[in-house]
file work30.cif (mmCIF, N, CA and C atoms)
data_input
loop_
_atom_site.label_atom_id
_atom_site.label_comp_id
_atom_site.auth_asym_id
_atom_site.auth_seq_id
_atom_site.Cartn_x
_atom_site.Cartn_y
_atom_site.Cartn_z
N MET A 1 47.32 64.57 44.22
CA MET A 1 46.96 65.07 45.52
C MET A 1 45.46 64.88 45.76
N ILE A 2 45.11 64.37 46.92
CA ILE A 2 43.71 64.14 47.28
C ILE A 2 43.17 65.41 47.92
N LYS A 3 42.08 65.94 47.35
CA LYS A 3 41.52 67.20 47.83
C LYS A 3 40.41 67.01 48.86
N ASN A 4 39.71 65.91 48.77
CA ASN A 4 38.60 65.71 49.70
C ASN A 4 38.29 64.24 49.87
N ARG A 5 37.37 63.95 50.73
CA ARG A 5 37.01 62.57 51.07
C ARG A 5 36.51 61.80 49.85
N LYS A 6 35.70 62.43 49.02
CA LYS A 6 35.18 61.74 47.84
C LYS A 6 36.31 61.36 46.88
N ASP A 7 37.26 62.26 46.68
CA ASP A 7 38.41 61.92 45.84
C ASP A 7 39.18 60.76 46.43
N TYR A 8 39.34 60.75 47.73
CA TYR A 8 40.06 59.66 48.40
C TYR A 8 39.33 58.33 48.16
N MET A 9 38.03 58.32 48.35
CA MET A 9 37.26 57.09 48.17
C MET A 9 37.30 56.63 46.71
N ARG A 10 37.20 57.57 45.80
CA ARG A 10 37.17 57.26 44.37
C ARG A 10 38.52 56.72 43.89
N ASN A 11 39.62 57.31 44.36
CA ASN A 11 40.92 57.05 43.76
C ASN A 11 41.92 56.27 44.62
N VAL A 12 41.78 56.31 45.93
CA VAL A 12 42.75 55.65 46.79
C VAL A 12 42.15 54.43 47.48
N TYR A 13 41.08 54.63 48.21
CA TYR A 13 40.48 53.51 48.95
C TYR A 13 40.06 52.39 48.03
N ALA A 14 39.57 52.75 46.85
CA ALA A 14 39.13 51.74 45.89
C ALA A 14 40.25 50.76 45.52
N LEU A 15 41.49 51.21 45.60
CA LEU A 15 42.63 50.33 45.30
C LEU A 15 42.78 49.24 46.35
N HIS A 16 42.30 49.48 47.55
CA HIS A 16 42.49 48.57 48.67
C HIS A 16 41.21 47.88 49.14
N TRP A 17 40.08 48.22 48.53
CA TRP A 17 38.79 47.72 49.00
C TRP A 17 38.73 46.20 49.03
N ASN A 18 39.21 45.54 47.98
CA ASN A 18 39.08 44.08 47.91
C ASN A 18 39.79 43.40 49.07
N GLU A 19 40.97 43.85 49.39
CA GLU A 19 41.69 43.22 50.51
C GLU A 19 40.97 43.49 51.83
N LYS A 20 40.37 44.66 51.98
CA LYS A 20 39.60 44.96 53.19
C LYS A 20 38.37 44.07 53.27
N ARG A 21 37.62 43.96 52.16
CA ARG A 21 36.42 43.15 52.16
C ARG A 21 36.73 41.68 52.43
N ILE A 22 37.80 41.18 51.84
CA ILE A 22 38.19 39.80 52.07
C ILE A 22 38.53 39.60 53.55
N LYS A 23 39.17 40.60 54.15
CA LYS A 23 39.50 40.54 55.58
C LYS A 23 38.23 40.46 56.42
N TYR A 24 37.18 41.22 56.03
CA TYR A 24 35.91 41.16 56.76
C TYR A 24 35.29 39.78 56.65
N GLY A 25 35.36 39.19 55.45
CA GLY A 25 34.74 37.89 55.23
C GLY A 25 33.22 37.99 55.18
N PHE A 26 32.57 36.86 55.24
CA PHE A 26 31.11 36.77 55.25
C PHE A 26 30.74 36.15 56.58
N ILE A 27 30.53 37.01 57.54
CA ILE A 27 30.35 36.57 58.93
C ILE A 27 28.87 36.49 59.29
N ASN A 28 28.59 36.02 60.48
CA ASN A 28 27.20 35.90 60.94
C ASN A 28 26.45 37.22 60.86
N TYR A 29 27.14 38.31 61.14
CA TYR A 29 26.55 39.65 61.03
C TYR A 29 25.98 39.85 59.63
N ASP A 30 26.77 39.51 58.61
CA ASP A 30 26.32 39.66 57.22
C ASP A 30 25.13 38.76 56.92
N ARG A 31 25.19 37.54 57.37
CA ARG A 31 24.09 36.60 57.16
C ARG A 31 22.80 37.12 57.82
N SER A 32 22.95 37.71 59.00
CA SER A 32 21.78 38.26 59.70
C SER A 32 21.17 39.43 58.94
N LEU A 33 22.01 40.30 58.39
CA LEU A 33 21.50 41.43 57.61
C LEU A 33 20.72 40.94 56.40
N ILE A 34 21.26 39.99 55.68
CA ILE A 34 20.58 39.43 54.51
C ILE A 34 19.29 38.75 54.93
N SER A 35 19.32 38.03 56.03
CA SER A 35 18.13 37.35 56.52
C SER A 35 17.01 38.35 56.81
N GLU A 36 17.37 39.46 57.46
CA GLU A 36 16.37 40.48 57.77
C GLU A 36 15.78 41.08 56.51
N LEU A 37 16.62 41.40 55.54
CA LEU A 37 16.12 41.97 54.29
C LEU A 37 15.19 41.01 53.57
N THR A 38 15.59 39.76 53.48
CA THR A 38 14.84 38.80 52.66
C THR A 38 13.58 38.28 53.34
N LYS A 39 13.48 38.36 54.64
CA LYS A 39 12.22 37.92 55.25
C LYS A 39 11.16 39.02 55.18
N ILE A 40 11.59 40.25 55.02
CA ILE A 40 10.64 41.35 54.88
C ILE A 40 10.12 41.43 53.44
N LYS A 41 11.03 41.31 52.48
CA LYS A 41 10.70 41.39 51.06
C LYS A 41 11.35 40.20 50.36
N ARG A 42 10.55 39.33 49.80
CA ARG A 42 11.08 38.10 49.20
C ARG A 42 11.52 38.28 47.74
N ASP A 43 11.20 39.40 47.13
CA ASP A 43 11.63 39.68 45.77
C ASP A 43 11.59 41.18 45.56
N GLY A 44 11.96 41.62 44.38
CA GLY A 44 11.85 43.03 44.08
C GLY A 44 13.12 43.65 43.56
N LYS A 45 13.02 44.95 43.37
CA LYS A 45 14.10 45.76 42.82
C LYS A 45 14.90 46.33 44.00
N VAL A 46 16.21 46.08 44.00
CA VAL A 46 17.07 46.38 45.14
C VAL A 46 18.20 47.32 44.72
N LEU A 47 18.50 48.29 45.57
CA LEU A 47 19.66 49.16 45.36
C LEU A 47 20.63 49.01 46.52
N GLU A 48 21.87 48.68 46.19
CA GLU A 48 22.94 48.72 47.18
C GLU A 48 23.76 49.98 46.93
N VAL A 49 23.78 50.86 47.90
CA VAL A 49 24.56 52.08 47.85
C VAL A 49 25.95 51.76 48.40
N ALA A 50 26.99 52.19 47.68
CA ALA A 50 28.38 51.86 48.01
C ALA A 50 28.59 50.35 47.88
N ILE A 51 28.32 49.85 46.70
CA ILE A 51 28.34 48.41 46.44
C ILE A 51 29.74 47.81 46.49
N GLY A 52 30.77 48.61 46.36
CA GLY A 52 32.12 48.07 46.37
C GLY A 52 32.29 47.08 45.23
N ASP A 53 32.70 45.85 45.55
CA ASP A 53 32.89 44.82 44.52
C ASP A 53 31.68 43.89 44.39
N GLY A 54 30.61 44.21 45.09
CA GLY A 54 29.38 43.41 44.99
C GLY A 54 29.30 42.26 45.97
N GLU A 55 30.36 42.03 46.70
CA GLU A 55 30.42 40.94 47.69
C GLU A 55 30.13 41.52 49.07
N PRO A 56 29.50 40.86 49.94
CA PRO A 56 28.77 39.62 49.77
C PRO A 56 27.28 39.86 49.51
N TYR A 57 26.80 41.07 49.82
CA TYR A 57 25.35 41.31 49.86
C TYR A 57 24.69 41.23 48.49
N ALA A 58 25.14 42.04 47.54
CA ALA A 58 24.50 42.05 46.22
C ALA A 58 24.61 40.69 45.56
N LYS A 59 25.75 40.06 45.69
CA LYS A 59 25.95 38.73 45.10
C LYS A 59 24.94 37.73 45.67
N GLU A 60 24.76 37.75 46.97
CA GLU A 60 23.83 36.82 47.62
C GLU A 60 22.39 37.12 47.20
N LEU A 61 21.99 38.38 47.19
CA LEU A 61 20.63 38.73 46.80
C LEU A 61 20.37 38.41 45.33
N LEU A 62 21.37 38.60 44.49
CA LEU A 62 21.25 38.24 43.08
C LEU A 62 21.00 36.74 42.94
N SER A 63 21.70 35.94 43.73
CA SER A 63 21.53 34.49 43.66
C SER A 63 20.14 34.06 44.13
N ARG A 64 19.46 34.92 44.88
CA ARG A 64 18.11 34.63 45.36
C ARG A 64 17.03 35.19 44.44
N GLY A 65 17.42 35.77 43.32
CA GLY A 65 16.45 36.21 42.32
C GLY A 65 16.03 37.67 42.38
N TYR A 66 16.64 38.46 43.24
CA TYR A 66 16.31 39.88 43.29
C TYR A 66 16.90 40.60 42.07
N ASP A 67 16.27 41.71 41.68
CA ASP A 67 16.73 42.56 40.59
C ASP A 67 17.66 43.60 41.23
N ILE A 68 18.97 43.45 41.06
CA ILE A 68 19.96 44.21 41.82
C ILE A 68 20.56 45.35 41.02
N TYR A 69 20.58 46.52 41.65
CA TYR A 69 21.27 47.71 41.16
C TYR A 69 22.31 48.08 42.21
N GLY A 70 23.40 48.66 41.77
CA GLY A 70 24.40 49.10 42.73
C GLY A 70 25.10 50.35 42.24
N ILE A 71 25.43 51.21 43.18
CA ILE A 71 26.23 52.39 42.84
C ILE A 71 27.44 52.43 43.76
N ASP A 72 28.50 53.00 43.24
CA ASP A 72 29.70 53.25 44.03
C ASP A 72 30.40 54.44 43.40
N ILE A 73 31.11 55.19 44.21
CA ILE A 73 31.79 56.37 43.72
C ILE A 73 33.06 56.02 42.94
N ALA A 74 33.54 54.79 43.10
CA ALA A 74 34.81 54.38 42.49
C ALA A 74 34.60 53.62 41.18
N PRO A 75 34.99 54.20 40.05
CA PRO A 75 34.85 53.51 38.76
C PRO A 75 35.54 52.14 38.74
N ARG A 76 36.66 52.02 39.40
CA ARG A 76 37.40 50.75 39.45
C ARG A 76 36.53 49.64 40.04
N LEU A 77 35.79 49.94 41.10
CA LEU A 77 34.95 48.93 41.75
C LEU A 77 33.73 48.59 40.89
N ILE A 78 33.17 49.58 40.25
CA ILE A 78 32.02 49.33 39.36
C ILE A 78 32.45 48.44 38.19
N LYS A 79 33.62 48.69 37.65
CA LYS A 79 34.15 47.84 36.57
C LYS A 79 34.26 46.39 37.06
N GLN A 80 34.74 46.23 38.26
CA GLN A 80 34.89 44.89 38.83
C GLN A 80 33.53 44.19 38.99
N VAL A 81 32.53 44.92 39.49
CA VAL A 81 31.19 44.34 39.63
C VAL A 81 30.66 43.91 38.27
N ARG A 82 30.79 44.77 37.29
CA ARG A 82 30.28 44.46 35.95
C ARG A 82 30.94 43.21 35.37
N GLU A 83 32.23 43.03 35.66
CA GLU A 83 32.95 41.87 35.13
C GLU A 83 32.63 40.59 35.90
N SER A 84 32.58 40.67 37.22
CA SER A 84 32.42 39.45 38.02
C SER A 84 30.96 39.09 38.30
N LEU A 85 30.07 40.07 38.27
CA LEU A 85 28.65 39.84 38.56
C LEU A 85 27.79 40.57 37.52
N PRO A 86 27.82 40.11 36.26
CA PRO A 86 27.15 40.83 35.18
C PRO A 86 25.64 40.96 35.34
N GLY A 87 25.03 40.20 36.22
CA GLY A 87 23.59 40.32 36.46
C GLY A 87 23.21 41.54 37.28
N ILE A 88 24.20 42.20 37.84
CA ILE A 88 23.96 43.41 38.64
C ILE A 88 24.10 44.63 37.74
N LYS A 89 23.13 45.53 37.84
CA LYS A 89 23.17 46.77 37.07
C LYS A 89 23.94 47.80 37.90
N ALA A 90 25.25 47.85 37.68
CA ALA A 90 26.13 48.69 38.49
C ALA A 90 26.54 49.94 37.73
N SER A 91 26.59 51.05 38.46
CA SER A 91 27.01 52.30 37.84
C SER A 91 27.75 53.17 38.86
N VAL A 92 28.58 54.04 38.32
CA VAL A 92 29.28 55.00 39.17
C VAL A 92 28.25 56.02 39.64
N GLY A 93 28.27 56.29 40.92
CA GLY A 93 27.30 57.24 41.46
C GLY A 93 27.71 57.73 42.83
N ASP A 94 27.06 58.79 43.25
CA ASP A 94 27.34 59.45 44.52
C ASP A 94 26.13 59.23 45.44
N ALA A 95 26.37 58.67 46.60
CA ALA A 95 25.29 58.38 47.56
C ALA A 95 24.51 59.63 47.95
N GLU A 96 25.13 60.78 47.86
CA GLU A 96 24.48 62.02 48.25
C GLU A 96 23.64 62.63 47.13
N ASN A 97 23.72 62.05 45.95
CA ASN A 97 22.96 62.53 44.78
C ASN A 97 22.62 61.34 43.90
N LEU A 98 21.72 60.49 44.35
CA LEU A 98 21.37 59.29 43.60
C LEU A 98 20.62 59.65 42.32
N GLU A 99 21.03 59.07 41.22
CA GLU A 99 20.45 59.39 39.92
C GLU A 99 19.34 58.41 39.55
N PHE A 100 18.40 58.25 40.46
CA PHE A 100 17.23 57.40 40.23
C PHE A 100 15.99 58.22 40.58
N PRO A 101 14.88 57.93 39.91
CA PRO A 101 13.64 58.63 40.25
C PRO A 101 13.15 58.27 41.66
N ASP A 102 12.30 59.09 42.20
CA ASP A 102 11.65 58.80 43.48
C ASP A 102 10.94 57.45 43.40
N ASN A 103 10.87 56.76 44.53
CA ASN A 103 10.07 55.53 44.67
C ASN A 103 10.43 54.45 43.64
N THR A 104 11.70 54.22 43.42
CA THR A 104 12.15 53.25 42.42
C THR A 104 12.35 51.85 43.00
N PHE A 105 12.86 51.75 44.22
CA PHE A 105 13.32 50.46 44.75
C PHE A 105 12.44 49.93 45.88
N ASP A 106 12.31 48.60 45.90
CA ASP A 106 11.60 47.93 46.99
C ASP A 106 12.49 47.84 48.23
N ILE A 107 13.79 47.71 48.00
CA ILE A 107 14.77 47.63 49.08
C ILE A 107 15.95 48.52 48.72
N THR A 108 16.38 49.34 49.65
CA THR A 108 17.59 50.14 49.49
C THR A 108 18.41 49.94 50.75
N TYR A 109 19.69 49.68 50.58
CA TYR A 109 20.54 49.48 51.75
C TYR A 109 21.96 49.95 51.48
N CYS A 110 22.66 50.19 52.56
CA CYS A 110 24.07 50.57 52.55
C CYS A 110 24.68 50.00 53.82
N PHE A 111 25.53 49.01 53.68
CA PHE A 111 26.16 48.38 54.84
C PHE A 111 27.66 48.67 54.82
N ARG A 112 28.19 48.97 56.00
CA ARG A 112 29.64 49.15 56.20
C ARG A 112 30.23 50.30 55.38
N SER A 113 29.47 51.32 55.11
CA SER A 113 30.02 52.39 54.27
C SER A 113 29.62 53.81 54.68
N THR A 114 28.57 53.96 55.46
CA THR A 114 28.08 55.32 55.71
C THR A 114 29.11 56.22 56.38
N TRP A 115 30.04 55.67 57.11
CA TRP A 115 31.05 56.50 57.78
C TRP A 115 31.98 57.17 56.79
N TYR A 116 31.95 56.74 55.52
CA TYR A 116 32.78 57.38 54.50
C TYR A 116 32.10 58.58 53.84
N PHE A 117 30.81 58.73 54.03
CA PHE A 117 30.08 59.79 53.34
C PHE A 117 30.36 61.14 53.99
N ARG A 118 30.56 62.13 53.14
CA ARG A 118 30.80 63.49 53.63
C ARG A 118 29.57 64.02 54.35
N ASP A 119 28.39 63.78 53.76
CA ASP A 119 27.14 64.26 54.35
C ASP A 119 26.19 63.06 54.49
N VAL A 120 26.32 62.34 55.58
CA VAL A 120 25.55 61.11 55.78
C VAL A 120 24.05 61.39 55.80
N PHE A 121 23.63 62.54 56.29
CA PHE A 121 22.21 62.85 56.33
C PHE A 121 21.64 63.02 54.92
N LYS A 122 22.38 63.65 54.05
CA LYS A 122 21.95 63.80 52.66
C LYS A 122 21.86 62.44 51.99
N ALA A 123 22.85 61.57 52.24
CA ALA A 123 22.84 60.22 51.67
C ALA A 123 21.61 59.44 52.15
N ILE A 124 21.30 59.54 53.43
CA ILE A 124 20.13 58.84 53.97
C ILE A 124 18.85 59.40 53.34
N ASP A 125 18.76 60.72 53.23
CA ASP A 125 17.59 61.32 52.57
C ASP A 125 17.43 60.79 51.15
N GLU A 126 18.53 60.67 50.43
CA GLU A 126 18.48 60.15 49.06
C GLU A 126 18.02 58.70 49.03
N MET A 127 18.52 57.89 49.95
CA MET A 127 18.12 56.48 49.99
C MET A 127 16.62 56.35 50.29
N ILE A 128 16.13 57.18 51.18
CA ILE A 128 14.69 57.18 51.49
C ILE A 128 13.90 57.62 50.27
N ARG A 129 14.37 58.66 49.59
CA ARG A 129 13.68 59.19 48.42
C ARG A 129 13.49 58.14 47.32
N VAL A 130 14.51 57.32 47.07
CA VAL A 130 14.42 56.36 45.96
C VAL A 130 13.74 55.05 46.35
N THR A 131 13.38 54.91 47.64
CA THR A 131 12.71 53.69 48.11
C THR A 131 11.19 53.90 48.07
N LYS A 132 10.50 52.90 47.55
CA LYS A 132 9.04 52.97 47.46
C LYS A 132 8.41 53.07 48.84
N GLN A 133 7.26 53.72 48.91
CA GLN A 133 6.48 53.73 50.14
C GLN A 133 6.18 52.28 50.50
N GLY A 134 6.43 51.92 51.73
CA GLY A 134 6.23 50.54 52.15
C GLY A 134 7.42 49.65 51.84
N GLY A 135 8.46 50.25 51.23
CA GLY A 135 9.68 49.49 50.92
C GLY A 135 10.54 49.34 52.16
N VAL A 136 11.71 48.76 51.96
CA VAL A 136 12.62 48.46 53.06
C VAL A 136 13.90 49.24 52.86
N GLY A 137 14.36 49.88 53.93
CA GLY A 137 15.64 50.56 53.91
C GLY A 137 16.46 50.16 55.10
N ASN A 138 17.73 49.90 54.89
CA ASN A 138 18.64 49.55 55.98
C ASN A 138 19.95 50.27 55.78
N ILE A 139 20.42 50.84 56.87
CA ILE A 139 21.68 51.56 56.83
C ILE A 139 22.53 51.12 58.00
#
call {"tool": "encode", "arguments": {"input": "work30.cif", "output": "structure tokens"}}
result
Amino acid sequence: MIKNRKDYMRNVYALHWNEKRIKYGFINYDRSLISELTKIKRDGKVLEVAIGDGEPYAKELLSRGYDIYGIDIAPRLIKQVRESLPGIKASVGDAENLEFPDNTFDITYCFRSTWYFRDVFKAIDEMIRVTKQGGVGNI
């Protein structure tokens, strides 16, 4: 039985994420987001919140030489990232309680996922907290 939204995301949605992501594809919208991130900061330490399977954003940034970290609430998806994209430092984590020190990342972003967060304002506060002053954040 699913008790709350986080349990649903961790245990049910994660089973279907890959088919959803494949359905989205890598469209011009995605290319534009990556273009905006990379023209502002050409290198650095990056955190993707709600990384899913690592496609397409983290995979693309990794191929461009960024130091990529990713968190997701679903252990199944983190396992998949670790297997398919071993250059990404992926871990199970909660967007509302990021387990990173203040001012850790040059870029922090979360695309196509904030509507799943129980407390989106807390998640945004956390993303701001872990991003360096002068860093880049996109939600």
call {"tool": "residues_around", "arguments": {"input": "work30.cif", "residues": "stretch 71-84 of chain A", "least_positions_apart": "4", "cutoff": "6 Å", "atoms": "all atoms listed in the file", "output": "PDB file with N, CA and C atoms, in the coordinates of the input"}}
result
ATOM      1  N   MET A   9      38.030  58.320  48.350  1.00  0.00           N
ATOM      2  CA  MET A   9      37.260  57.090  48.170  1.00  0.00           C
ATOM      3  C   MET A   9      37.300  56.630  46.710  1.00  0.00           C
ATOM      4  N   ARG A  10      37.200  57.570  45.800  1.00  0.00           N
ATOM      5  CA  ARG A  10      37.170  57.260  44.370  1.00  0.00           C
ATOM      6  C   ARG A  10      38.520  56.720  43.890  1.00  0.00           C
ATOM      7  N   ASN A  11      39.620  57.310  44.360  1.00  0.00           N
ATOM      8  CA  ASN A  11      40.920  57.050  43.760  1.00  0.00           C
ATOM      9  C   ASN A  11      41.920  56.270  44.620  1.00  0.00           C
ATOM     10  N   GLU A  48      21.870  48.680  46.190  1.00  0.00           N
ATOM     11  CA  GLU A  48      22.940  48.720  47.180  1.00  0.00           C
ATOM     12  C   GLU A  48      23.760  49.980  46.930  1.00  0.00           C
ATOM     13  N   VAL A  49      23.780  50.860  47.900  1.00  0.00           N
ATOM     14  CA  VAL A  49      24.560  52.080  47.850  1.00  0.00           C
ATOM     15  C   VAL A  49      25.950  51.760  48.400  1.00  0.00           C
ATOM     16  N   ALA A  50      26.990  52.190  47.680  1.00  0.00           N
ATOM     17  CA  ALA A  50      28.380  51.860  48.010  1.00  0.00           C
ATOM     18  C   ALA A  50      28.590  50.350  47.880  1.00  0.00           C
ATOM     19  N   ILE A  51      28.320  49.850  46.700  1.00  0.00           N
ATOM     20  CA  ILE A  51      28.340  48.410  46.440  1.00  0.00           C
ATOM     21  C   ILE A  51      29.740  47.810  46.490  1.00  0.00           C
ATOM     22  N   GLY A  52      30.770  48.610  46.360  1.00  0.00           N
ATOM     23  CA  GLY A  52      32.120  48.070  46.370  1.00  0.00           C
ATOM     24  C   GLY A  52      32.290  47.080  45.230  1.00  0.00           C
ATOM     25  N   ASP A  53      32.700  45.850  45.550  1.00  0.00           N
ATOM     26  CA  ASP A  53      32.890  44.820  44.520  1.00  0.00           C
ATOM     27  C   ASP A  53      31.680  43.890  44.390  1.00  0.00           C
ATOM     28  N   GLY A  54      30.610  44.210  45.090  1.00  0.00           N
ATOM     29  CA  GLY A  54      29.380  43.410  44.990  1.00  0.00           C
ATOM     30  C   GLY A  54      29.300  42.260  45.970  1.00  0.00           C
ATOM     31  N   ALA A  90      25.250  47.850  37.680  1.00  0.00           N
ATOM     32  CA  ALA A  90      26.130  48.690  38.490  1.00  0.00           C
ATOM     33  C   ALA A  90      26.540  49.940  37.730  1.00  0.00           C
ATOM     34  N   SER A  91      26.590  51.050  38.460  1.00  0.00           N
ATOM     35  CA  SER A  91      27.010  52.300  37.840  1.00  0.00           C
ATOM     36  C   SER A  91      27.750  53.170  38.860  1.00  0.00           C
ATOM     37  N   VAL A  92      28.580  54.040  38.320  1.00  0.00           N
ATOM     38  CA  VAL A  92      29.280  55.000  39.170  1.00  0.00           C
ATOM     39  C   VAL A  92      28.250  56.020  39.640  1.00  0.00           C
ATOM     40  N   GLY A  93      28.270  56.290  40.920  1.00  0.00           N
ATOM     41  CA  GLY A  93      27.300  57.240  41.460  1.00  0.00           C
ATOM     42  C   GLY A  93      27.710  57.730  42.830  1.00  0.00           C
ATOM     43  N   ASP A  94      27.060  58.790  43.250  1.00  0.00           N
ATOM     44  CA  ASP A  94      27.340  59.450  44.520  1.00  0.00           C
ATOM     45  C   ASP A  94      26.130  59.230  45.440  1.00  0.00           C
TER      46      ASP A  94
END
call {"tool": "atom_distance", "arguments": {"input": "work30.cif", "atom1": "atom N of A:Pro101", "atom2": "atom CA of A:Asp125"}}
result
13.4 Å
call {"tool": "atom_distance", "arguments": {"input": "work30.cif", "atom1": "atom CA of A:Ile27", "atom2": "atom CA of A:Pro56"}}
result
9.8 Å
call {"tool": "atom_distance", "arguments": {"input": "work30.cif", "atom1": "atom N of A:Pro86", "atom2": "atom CA of A:Lys122"}}
result
29.4 Å
call {"tool": "resolve_selection", "arguments": {"input": "work30.cif", "expression": "the PyMOL selection byres ((chain A and resi 57-62) around 8)", "output": "list in words"}}
result
Asp30, Ile34, Leu47, Glu48, Ile51, Asp53, Gly54, Glu55, Pro56, Ser63, Arg64, Gly65, Tyr66, Asp67, Ile68, Tyr69, Gly70, Leu85, Gly87 and Ile88 of chain A
call {"tool": "select_by_dssp", "arguments": {"input": "work30.cif", "residues": "stretch 22-68 of chain A", "states": "strand (DSSP E)", "output": "list in words"}}
result
Lys45, Val46, Leu47, Glu48, Val49, Asp67 and Ile68 of chain A
call {"tool": "decode", "arguments": {"input": "work30.cif", "residues": "stretch 91-98 of chain A", "atoms": "all heavy atoms", "output": "short mmCIF file (atom, residue, chain, number, x, y, z; two decimals), in the first residue's frame"}}
result
data_model
loop_
_atom_site.label_atom_id
_atom_site.label_comp_id
_atom_site.auth_asym_id
_atom_site.auth_seq_id
_atom_site.Cartn_x
_atom_site.Cartn_y
_atom_site.Cartn_z
N SER A 91 23.33 8.86 -6.22
CA SER A 91 22.95 8.31 -4.93
C SER A 91 21.46 8.54 -4.68
O SER A 91 20.85 9.45 -5.23
CB SER A 91 23.78 8.95 -3.81
OG SER A 91 23.63 10.34 -3.81
N VAL A 92 20.92 7.68 -3.83
CA VAL A 92 19.53 7.82 -3.42
C VAL A 92 19.46 9.04 -2.51
O VAL A 92 20.29 9.21 -1.61
CB VAL A 92 19.03 6.56 -2.69
CG1 VAL A 92 17.62 6.76 -2.17
CG2 VAL A 92 19.10 5.35 -3.61
N GLY A 93 18.50 9.90 -2.77
CA GLY A 93 18.37 11.10 -1.96
C GLY A 93 17.01 11.74 -2.13
O GLY A 93 16.26 11.42 -3.05
N ASP A 94 16.71 12.64 -1.23
CA ASP A 94 15.44 13.34 -1.18
C ASP A 94 15.69 14.81 -1.53
O ASP A 94 16.49 15.48 -0.87
CB ASP A 94 14.86 13.21 0.22
CG ASP A 94 13.48 13.81 0.39
OD1 ASP A 94 13.09 14.71 -0.40
OD2 ASP A 94 12.77 13.40 1.33
N ALA A 95 15.01 15.31 -2.53
CA ALA A 95 15.19 16.70 -2.98
C ALA A 95 14.92 17.71 -1.87
O ALA A 95 15.45 18.81 -1.90
CB ALA A 95 14.27 16.98 -4.17
N GLU A 96 14.11 17.34 -0.91
CA GLU A 96 13.75 18.25 0.17
C GLU A 96 14.77 18.24 1.31
O GLU A 96 14.67 19.05 2.23
CB GLU A 96 12.35 17.91 0.68
CG GLU A 96 11.30 18.11 -0.40
CD GLU A 96 9.96 17.51 -0.06
OE1 GLU A 96 9.69 17.24 1.14
OE2 GLU A 96 9.16 17.30 -0.99
N ASN A 97 15.73 17.34 1.24
CA ASN A 97 16.78 17.21 2.27
C ASN A 97 18.06 16.74 1.60
O ASN A 97 18.47 15.60 1.79
CB ASN A 97 16.35 16.23 3.36
CG ASN A 97 15.15 16.73 4.13
OD1 ASN A 97 15.25 17.71 4.85
ND2 ASN A 97 14.02 16.08 3.95
N LEU A 98 18.69 17.60 0.83
CA LEU A 98 19.89 17.22 0.10
C LEU A 98 21.05 17.00 1.07
O LEU A 98 21.30 17.84 1.94
CB LEU A 98 20.25 18.28 -0.94
CG LEU A 98 19.23 18.48 -2.05
CD1 LEU A 98 19.62 19.66 -2.94
CD2 LEU A 98 19.07 17.21 -2.88
#
